[in-house]
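Chemist: Provided below: coords.cif, containing mmCIF, C-alpha atoms and all ligand atoms.
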```cif
data_coords
loop_
_atom_site.label_atom_id
_atom_site.label_comp_id
_atom_site.auth_asym_id
_atom_site.auth_seq_id
_atom_site.Cartn_x
_atom_site.Cartn_y
_atom_site.Cartn_z
CA MET A 1 162.92 250.32 175.82
CA ARG A 2 163.14 249.29 172.19
CA VAL A 3 162.15 245.81 171.05
CA VAL A 4 163.50 244.56 167.71
CA THR A 5 163.25 241.34 165.73
CA THR A 6 165.42 241.30 162.61
CA ARG A 7 169.19 241.68 162.43
CA ASP A 8 168.79 244.91 160.45
CA GLU A 9 166.53 246.38 163.12
CA LEU A 10 169.03 245.31 165.74
CA ALA A 11 171.96 246.86 163.86
CA ARG A 12 170.10 250.17 163.58
CA ALA A 13 169.01 250.20 167.23
CA ARG A 14 172.43 249.06 168.43
CA GLY A 15 173.93 252.24 166.98
CA ASP A 16 175.94 254.07 169.56
CA LEU A 17 174.80 252.72 172.91
CA GLY A 18 178.19 253.31 174.52
CA THR A 19 179.43 250.34 176.52
CA VAL A 20 176.92 247.52 176.23
CA GLY A 21 176.15 244.84 178.81
CA PHE A 22 174.46 241.92 177.06
CA VAL A 23 172.29 239.27 178.71
CA PRO A 24 171.36 236.35 176.44
CA THR A 25 168.28 234.45 177.66
CA MET A 26 165.66 231.98 176.52
CA GLY A 27 162.93 234.03 178.18
CA TYR A 28 160.34 233.09 180.82
CA LEU A 29 162.35 235.35 183.03
CA HIS A 30 162.84 235.10 186.76
CA ASP A 31 164.99 236.78 189.36
CA GLY A 32 168.07 234.85 188.22
CA HIS A 33 167.87 236.49 184.82
CA LEU A 34 167.15 239.87 186.41
CA SER A 35 170.25 239.58 188.59
CA LEU A 36 172.27 239.43 185.35
CA VAL A 37 170.38 242.45 183.98
CA ARG A 38 171.12 244.40 187.17
CA ALA A 39 174.80 243.50 187.04
CA ALA A 40 174.89 244.65 183.41
CA ARG A 41 173.08 247.85 184.37
CA ARG A 42 175.66 248.66 187.04
CA ALA A 43 178.72 248.28 184.82
CA ASN A 44 177.67 249.53 181.37
CA ASP A 45 176.11 252.54 179.65
CA SER A 46 173.39 250.37 178.09
CA VAL A 47 171.80 246.98 178.59
CA VAL A 48 170.76 244.69 175.75
CA VAL A 49 168.80 241.48 176.41
CA SER A 50 168.02 238.77 173.89
CA ILE A 51 165.09 236.40 174.24
CA PHE A 52 165.49 233.40 171.99
CA VAL A 53 164.62 229.76 172.63
CA ASN A 54 167.56 228.37 170.69
CA PRO A 55 166.54 225.17 168.87
CA THR A 56 170.10 223.99 168.24
CA GLN A 57 170.87 223.52 171.92
CA PHE A 58 167.95 221.13 172.46
CA ASP A 59 168.61 217.49 171.72
CA PRO A 60 165.90 215.51 169.93
CA GLY A 61 163.38 214.44 172.54
CA GLU A 62 164.11 217.39 174.82
CA ASP A 63 161.61 220.09 175.74
CA LEU A 64 162.00 222.57 172.84
CA ASP A 65 158.28 222.63 172.01
CA SER A 66 157.07 222.75 175.59
CA TYR A 67 159.69 225.25 176.83
CA PRO A 68 157.72 227.94 178.73
CA ARG A 69 157.21 231.24 176.94
CA ASP A 70 155.52 234.51 178.00
CA LEU A 71 156.93 237.41 175.98
CA ASP A 72 154.57 240.10 177.30
CA ARG A 73 155.48 239.30 180.88
CA ASP A 74 159.19 239.17 180.03
CA LEU A 75 159.10 242.56 178.32
CA ALA A 76 157.29 244.15 181.27
CA MET A 77 159.94 242.80 183.64
CA LEU A 78 162.78 244.09 181.45
CA GLU A 79 161.16 247.49 181.05
CA ALA A 80 160.91 247.78 184.84
CA GLU A 81 164.67 247.07 185.04
CA GLY A 82 165.47 249.94 182.68
CA VAL A 83 166.71 247.74 179.83
CA ASP A 84 167.52 249.75 176.70
CA LEU A 85 167.09 247.21 173.94
CA VAL A 86 165.52 243.75 173.67
CA TRP A 87 166.21 241.49 170.71
CA THR A 88 163.53 238.86 170.13
CA PRO A 89 164.70 237.18 166.92
CA ARG A 90 162.80 234.49 165.07
CA VAL A 91 164.68 231.30 164.24
CA GLU A 92 165.36 232.57 160.70
CA ASP A 93 166.84 235.83 162.05
CA VAL A 94 169.50 233.85 163.91
CA TYR A 95 169.91 230.95 161.49
CA PRO A 96 169.43 232.13 157.91
CA PRO A 97 167.77 229.50 155.68
CA GLY A 98 170.38 226.92 154.69
CA SER A 99 172.56 227.79 157.66
CA SER A 100 174.86 224.83 158.35
CA THR A 101 177.74 226.22 160.43
CA ARG A 102 178.31 224.93 163.95
CA VAL A 103 180.81 226.12 166.53
CA THR A 104 182.37 223.36 168.65
CA VAL A 105 184.32 224.01 171.83
CA GLY A 106 186.44 220.94 172.51
CA GLY A 107 187.43 219.25 175.75
CA VAL A 108 185.39 220.99 178.41
CA THR A 109 182.20 219.96 176.57
CA ASP A 110 182.98 216.21 176.75
CA VAL A 111 181.97 215.81 180.38
CA LEU A 112 179.02 216.49 182.72
CA GLU A 113 176.15 218.12 180.78
CA GLY A 114 178.02 217.72 177.48
CA ALA A 115 178.29 213.96 177.97
CA ARG A 116 174.56 213.61 178.73
CA ARG A 117 173.27 216.11 176.17
CA PRO A 118 175.13 215.45 172.91
CA GLY A 119 175.22 218.53 170.72
CA HIS A 120 173.93 220.82 173.46
CA PHE A 121 177.11 222.87 173.80
CA ASP A 122 177.60 223.08 170.03
CA GLY A 123 174.21 224.77 169.98
CA VAL A 124 175.15 227.05 172.86
CA ALA A 125 178.52 228.00 171.35
CA THR A 126 176.99 228.55 167.92
CA VAL A 127 174.15 230.75 169.12
CA CYS A 128 176.39 232.76 171.43
CA THR A 129 178.86 233.39 168.60
CA ILE A 130 176.01 234.62 166.38
CA LEU A 131 174.44 236.73 169.16
CA PHE A 132 177.80 238.26 170.12
CA ARG A 133 178.54 239.15 166.49
CA ALA A 134 175.15 240.78 166.10
CA VAL A 135 174.98 242.65 169.42
CA ARG A 136 178.70 243.52 169.72
CA PRO A 137 178.62 243.77 173.53
CA THR A 138 181.35 245.14 175.74
CA ARG A 139 180.45 242.55 178.38
CA ALA A 140 178.19 239.50 178.34
CA TYR A 141 176.54 238.19 181.50
CA PHE A 142 175.97 234.56 182.39
CA GLY A 143 174.71 232.75 185.48
CA GLN A 144 176.76 230.34 187.55
CA LYS A 145 173.54 228.27 187.51
CA ASP A 146 174.81 226.80 184.25
CA ALA A 147 178.32 226.27 185.57
CA GLN A 148 179.68 224.30 182.63
CA GLN A 149 178.19 226.79 180.19
CA THR A 150 180.25 229.58 181.79
CA VAL A 151 183.42 227.52 181.25
CA VAL A 152 182.46 226.85 177.62
CA ILE A 153 181.67 230.50 176.90
CA ARG A 154 184.88 231.76 178.47
CA ARG A 155 186.83 229.28 176.35
CA LEU A 156 184.89 230.27 173.22
CA VAL A 157 185.48 233.99 173.74
CA ARG A 158 189.15 233.44 174.43
CA ASP A 159 189.83 230.99 171.59
CA LEU A 160 188.02 233.03 168.93
CA ALA A 161 189.18 236.37 170.38
CA LEU A 162 185.60 237.62 170.28
CA GLY A 163 186.62 240.80 172.06
CA LEU A 164 184.21 240.96 174.96
CA GLU A 165 184.36 240.39 178.67
CA VAL A 166 182.55 237.40 180.16
CA CYS A 167 180.87 238.12 183.50
CA VAL A 168 179.51 235.39 185.76
CA GLU A 169 176.91 236.06 188.43
CA PRO A 170 175.99 233.86 191.43
CA ILE A 171 173.05 231.44 191.41
CA ARG A 172 169.77 232.96 192.59
CA ARG A 173 167.71 230.61 194.73
CA GLU A 174 164.19 230.33 196.05
CA PRO A 175 163.89 230.75 199.83
CA ASP A 176 164.01 226.95 200.27
CA GLY A 177 167.25 226.70 198.31
CA LEU A 178 165.94 225.51 194.93
CA ALA A 179 167.93 227.21 192.17
CA MET A 180 165.62 229.43 190.14
CA SER A 181 164.97 228.05 186.66
CA SER A 182 162.41 228.53 183.94
CA ARG A 183 162.04 224.74 183.96
CA ASN A 184 160.87 224.73 187.61
CA THR A 185 157.44 225.49 186.19
CA TYR A 186 157.30 221.85 185.00
CA LEU A 187 157.37 220.56 188.58
CA SER A 188 154.16 219.25 190.15
CA THR A 189 153.36 220.47 193.66
CA ALA A 190 154.74 217.24 195.12
CA GLU A 191 157.91 217.43 193.00
CA ARG A 192 158.41 221.08 193.89
CA ALA A 193 158.36 220.13 197.57
CA VAL A 194 161.08 217.53 196.99
CA ALA A 195 163.30 219.60 194.65
CA PRO A 196 165.29 221.53 197.31
CA VAL A 197 167.02 218.23 198.14
CA LEU A 198 169.45 219.02 195.31
CA HIS A 199 170.69 222.09 197.12
CA ARG A 200 170.77 220.24 200.45
CA ALA A 201 172.96 217.59 198.82
CA LEU A 202 175.42 220.26 197.67
CA LEU A 203 175.43 221.76 201.15
CA ALA A 204 176.19 218.31 202.60
CA ALA A 205 179.29 218.15 200.40
CA GLN A 206 180.21 221.64 201.56
CA GLU A 207 179.73 220.62 205.21
CA ALA A 208 181.87 217.52 204.77
CA TYR A 209 184.53 219.72 203.25
CA ALA A 210 184.29 222.21 206.11
CA ALA A 211 184.62 219.27 208.53
CA GLY A 212 188.00 218.49 207.00
CA HIS A 213 187.25 215.88 204.33
CA ARG A 214 189.37 216.33 201.23
CA GLN A 215 188.78 213.09 199.31
CA ALA A 216 186.29 213.47 196.48
CA SER A 217 184.73 210.13 197.38
CA ASP A 218 183.86 211.40 200.87
CA LEU A 219 182.34 214.63 199.60
CA LEU A 220 180.36 212.90 196.86
CA GLU A 221 179.14 210.26 199.29
CA ALA A 222 177.82 213.00 201.58
CA ALA A 223 175.83 214.46 198.68
CA HIS A 224 174.55 211.05 197.51
CA ALA A 225 173.42 210.19 201.02
CA VAL A 226 171.16 213.26 201.08
CA LEU A 227 169.80 212.61 197.60
CA ALA A 228 169.01 209.03 198.59
CA THR A 229 166.53 210.30 201.16
CA GLU A 230 164.19 211.24 198.30
CA PRO A 231 163.36 208.17 196.19
CA ALA A 232 161.54 210.33 193.63
CA VAL A 233 164.87 211.86 192.62
CA ALA A 234 166.73 209.94 189.90
CA VAL A 235 170.35 211.07 190.09
CA GLU A 236 172.23 211.35 186.78
CA TYR A 237 175.55 212.43 188.22
CA VAL A 238 177.25 214.14 191.12
CA SER A 239 180.66 215.52 190.24
CA LEU A 240 183.60 217.16 191.93
CA ALA A 241 185.65 218.85 189.25
CA ASP A 242 188.29 221.45 188.61
CA PRO A 243 186.41 224.73 187.94
CA ASP A 244 188.39 225.56 184.79
CA THR A 245 189.12 222.23 183.11
CA LEU A 246 186.10 220.38 184.57
CA ALA A 247 188.38 217.36 185.07
CA GLU A 248 187.12 215.12 187.86
CA LEU A 249 189.17 215.43 191.04
CA ASP A 250 190.23 212.67 193.42
CA GLU A 251 191.13 215.16 196.08
CA VAL A 252 190.25 218.78 196.68
CA ASP A 253 192.78 221.50 196.07
CA PRO A 254 191.27 224.40 198.05
CA GLY A 255 193.12 226.98 195.99
CA ARG A 256 191.20 225.96 192.88
CA GLY A 257 187.62 226.55 194.14
CA PRO A 258 186.43 223.05 193.22
CA LEU A 259 183.01 222.76 191.59
CA VAL A 260 180.46 220.32 192.94
CA SER A 261 177.72 219.85 190.38
CA LEU A 262 174.82 217.48 189.91
CA ALA A 263 171.96 216.63 187.61
CA ALA A 264 168.82 214.71 188.54
CA ARG A 265 165.42 213.92 187.17
CA LEU A 266 162.29 214.56 189.12
CA GLY A 267 159.43 213.07 187.15
CA ARG A 268 159.81 214.44 183.62
CA THR A 269 161.87 217.44 184.76
CA ARG A 270 165.65 217.46 184.56
CA LEU A 271 167.29 219.76 187.11
CA ILE A 272 170.91 220.84 187.54
CA ASP A 273 172.58 222.62 190.41
CA SER A 274 176.10 223.35 191.56
CA LEU A 275 178.22 224.92 194.23
CA VAL A 276 181.80 226.12 194.34
CA LEU A 277 183.25 224.83 197.59
CA ALA A 278 183.90 227.73 199.92
CA PRO A 279 187.29 227.87 201.57
CA THR A 280 187.57 226.88 205.20
CA ALA A 281 189.10 229.12 207.86
CA ALA A 282 192.33 227.15 207.47
CA ASP A 283 192.34 227.81 203.72
CA LEU A 284 191.79 231.50 204.30
CA ARG A 285 194.69 231.67 206.75
CA ASP A 286 196.93 230.53 203.90
CA SER A 287 197.10 233.71 201.87
CA SER A 288 198.49 231.87 198.83
CA ARG A 289 195.06 230.34 198.31
CA SER A 290 192.03 232.09 196.91
CA SER A 291 188.36 231.21 196.87
CA GLY A 292 186.40 230.34 193.78
CA GLN A 293 183.07 230.77 195.53
CA ASN A 294 180.36 231.65 193.03
CA PRO A 295 182.29 234.28 191.10
CA LYS A 296 180.68 237.69 191.21
CA ILE A 297 182.94 239.71 189.03
CA CYS A 298 183.81 239.81 185.39
CA ASP A 299 186.36 237.19 184.56
CA PRO A 300 189.75 238.87 184.90
CA ARG A 301 191.07 236.48 182.23
CA GLU A 302 188.90 238.26 179.65
CA PRO A 303 189.79 241.96 179.95
CA ALA A 304 187.39 244.27 178.13
CA PRO A 305 189.12 245.76 175.11
CA ALA A 306 189.00 249.53 174.79
CA ASP A 307 187.23 249.08 171.48
CA ALA A 308 185.04 246.01 171.68
CA ASP A 309 184.47 245.80 167.98
CA LEU A 310 184.15 242.28 166.66
CA GLY A 311 185.14 243.41 163.23
P1 LIG A 401 168.28 230.66 180.21
O1 LIG A 401 167.15 231.59 179.91
O2 LIG A 401 167.88 229.48 181.04
O3 LIG A 401 169.09 230.29 179.00
O4 LIG A 401 169.26 231.47 181.14
C1 LIG A 401 169.81 232.70 180.71
C2 LIG A 401 170.91 233.09 181.65
O5 LIG A 401 170.40 233.22 182.97
C3 LIG A 401 172.03 232.02 181.72
O6 LIG A 401 173.28 232.67 181.77
C4 LIG A 401 171.72 231.32 183.01
O7 LIG A 401 172.85 230.73 183.62
C5 LIG A 401 171.19 232.46 183.85
N1 LIG A 401 170.40 231.94 184.97
C6 LIG A 401 169.38 231.05 184.89
N2 LIG A 401 168.94 230.75 186.12
C7 LIG A 401 169.70 231.45 186.99
C8 LIG A 401 169.76 231.55 188.42
N3 LIG A 401 168.93 230.85 189.20
N4 LIG A 401 170.66 232.36 188.96
C9 LIG A 401 171.53 233.07 188.17
N5 LIG A 401 171.54 233.02 186.83
C10 LIG A 401 170.64 232.21 186.25
#
```
What does the file become when written as structure tokens?
Modeler:
Amino acid sequence: MRVVTTRDELARARGDLGTVGFVPTMGYLHDGHLSLVRAARRANDSVVVSIFVNPTQFDPGEDLDSYPRDLDRDLAMLEAEGVDLVWTPRVEDVYPPGSSTRVTVGGVTDVLEGARRPGHFDGVATVCTILFRAVRPTRAYFGQKDAQQTVVIRRLVRDLALGLEVCVEPIRREPDGLAMSSRNTYLSTAERAVAPVLHRALLAAQEAYAAGHRQASDLLEAAHAVLATEPAVAVEYVSLADPDTLAELDEVDPGRGPLVSLAARLGRTRLIDSLVLAPTAADLRDSSRSSGQNPKICDPREPAPADADLG
């Protein structure tokens, strides 16, 4: 496994790696990240991982300085997964001095996380554009954990014709249901014990749906009722939205795999989680409808070009 820092080193090491599966991360890796690495390993000749805590996607007052870091541990984990190349750029390798260009994806960034974290998705879209240009992947792998991010990246890649395939992998969870996250390390023991309530709230919405409820208000109420059982949890939002436009829904259209997502604070830690409502038996009987349950495959809307050269 090669580890490089500068863009020149990356360009030399990138060379001819055949088809490249790329996994962008901010490090402090866990099994969620590794599930993306394994998916990339299965479908590509080579796997490239970046580790970069991207300053432009943190709003002022967020946890940029305290974000957990452990490069030696990360590299050992990636080596054990058979990763070919790791890019660990410094800030100046990604953003040359004087850099002032930002990439903005409109519309789908106005809601949910985008509404609460101004500038966050500009930072995400900008860094992904730069990373994609530098790595020139055939496919890039993202986690459904950051559901809105997957929508933003798909839109970015399509709108700018970046010439790569966007692959989305399911959320990896701890045995008690808590979605794995580098930020879980911030939780105190007491907070960690409470945190799985987020997943239970999503499951309550899923159960209400399975019981026949179709009104968003009913499904959201089911989730809120579970969250309310833990007073330590400060809910920011619970949303039921179209999985592609992220527009809030009044009523579920089972054919569209509606996305239930939420954000909440537990002490000083902000957690997000989401679930794509699974179809009921009745939905499945109607063959004109398809499930959007945590997509596992590369997005068919972004076919991999034969020559994934970004030019
Ligand atoms: P991060 O290091 O937090 O920027 O995450 C890097 C990638 O890993 C993103 O595409 C995340 O969505 C993905 N990821 C983070 N946590 C999980 C998880 N629990 N399950 C699946 N993917 C995840």
Chemist: If we count all atoms listed in the file, what is near Val124 of chain A at a cut-off of 12 Å, once residues fewer than 6 positions away on the same chain are taken out, given as a ChimeraX atom specification?
Modeler: /A:24-26,52-59,102-105,109,113-114,117-118,130-132,146,148-153,156
Chemist: All residues within 9 Å of ligand LIG 401 (chain A) are required, counting all atoms listed in the file; please report them as number ranges by chain.
Modeler: A: 23-36, 51-54, 141-147, 149-150, 168-174, 178-183
Chemist: Given the point (175.8, 243.0, 185.5) in the coordinates of this file, which residues lie within 7 Å, counting only C-alpha atoms, and how would they look as an MDAnalysis selection string?
Modeler: chainID A and resid 21 36:43 141
Chemist: So that I can check the surroundings of Arg12 of chain A, please list as a PyMOL selection string every protein, DNA and RNA residue that reaches within 12 Å of it, counting all atoms listed in the file and ignoring chain neighbours fewer than 5 positions away.
Modeler: chain A and resi 2-7+17+85+87+134-135
Chemist: Would you write out those residues with C-alpha atoms, as a CSV table (one decimal), in the coordinates of the input?
Modeler:
```csv
chain,number,residue,atom,x,y,z
A,2,ARG,CA,163.1,249.3,172.2
A,3,VAL,CA,162.2,245.8,171.0
A,4,VAL,CA,163.5,244.6,167.7
A,5,THR,CA,163.2,241.3,165.7
A,6,THR,CA,165.4,241.3,162.6
A,7,ARG,CA,169.2,241.7,162.4
A,17,LEU,CA,174.8,252.7,172.9
A,85,LEU,CA,167.1,247.2,173.9
A,87,TRP,CA,166.2,241.5,170.7
A,134,ALA,CA,175.2,240.8,166.1
A,135,VAL,CA,175.0,242.6,169.4
```
Chemist: What gap, in Å, lies between atom CA of Pro97 of chain A and atom CA of Phe121 of chain A?
Modeler: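 Those two atoms sit 21.4 Å apart.
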Chemist: For the atom pair atom CA of Phe22 of chain A and atom CA of Glu165 of chain A, what is the interatomic distance in Å to one decimal place?
Modeler: 10.1 Å
Chemist: Give the answer as one residue: which of A:Ala263, A:Ala211, A:Leu112, A:Leu249 has the shortest atom-to-atom distance to Leu198 of chain A, using all atoms listed in the file?
Modeler: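 Of the candidates, the smallest distance to Leu198 of chain A is held by A:Ala263.
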Chemist: In Å, how far is it from atom CA of Arg90 of chain A to atom CA of Val20 of chain A?
Modeler: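 Atom CA of Arg90 of chain A sits 22.2 Å away from atom CA of Val20 of chain A.
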Chemist: Between A:Thr229, A:Thr189, A:Ser239, A:Ser274, which residue has the minimum interatomic distance to Leu203 of chain A, considering all atoms listed in the file?
Modeler: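 For Leu203 of chain A, the nearest of the candidates is A:Ser274.
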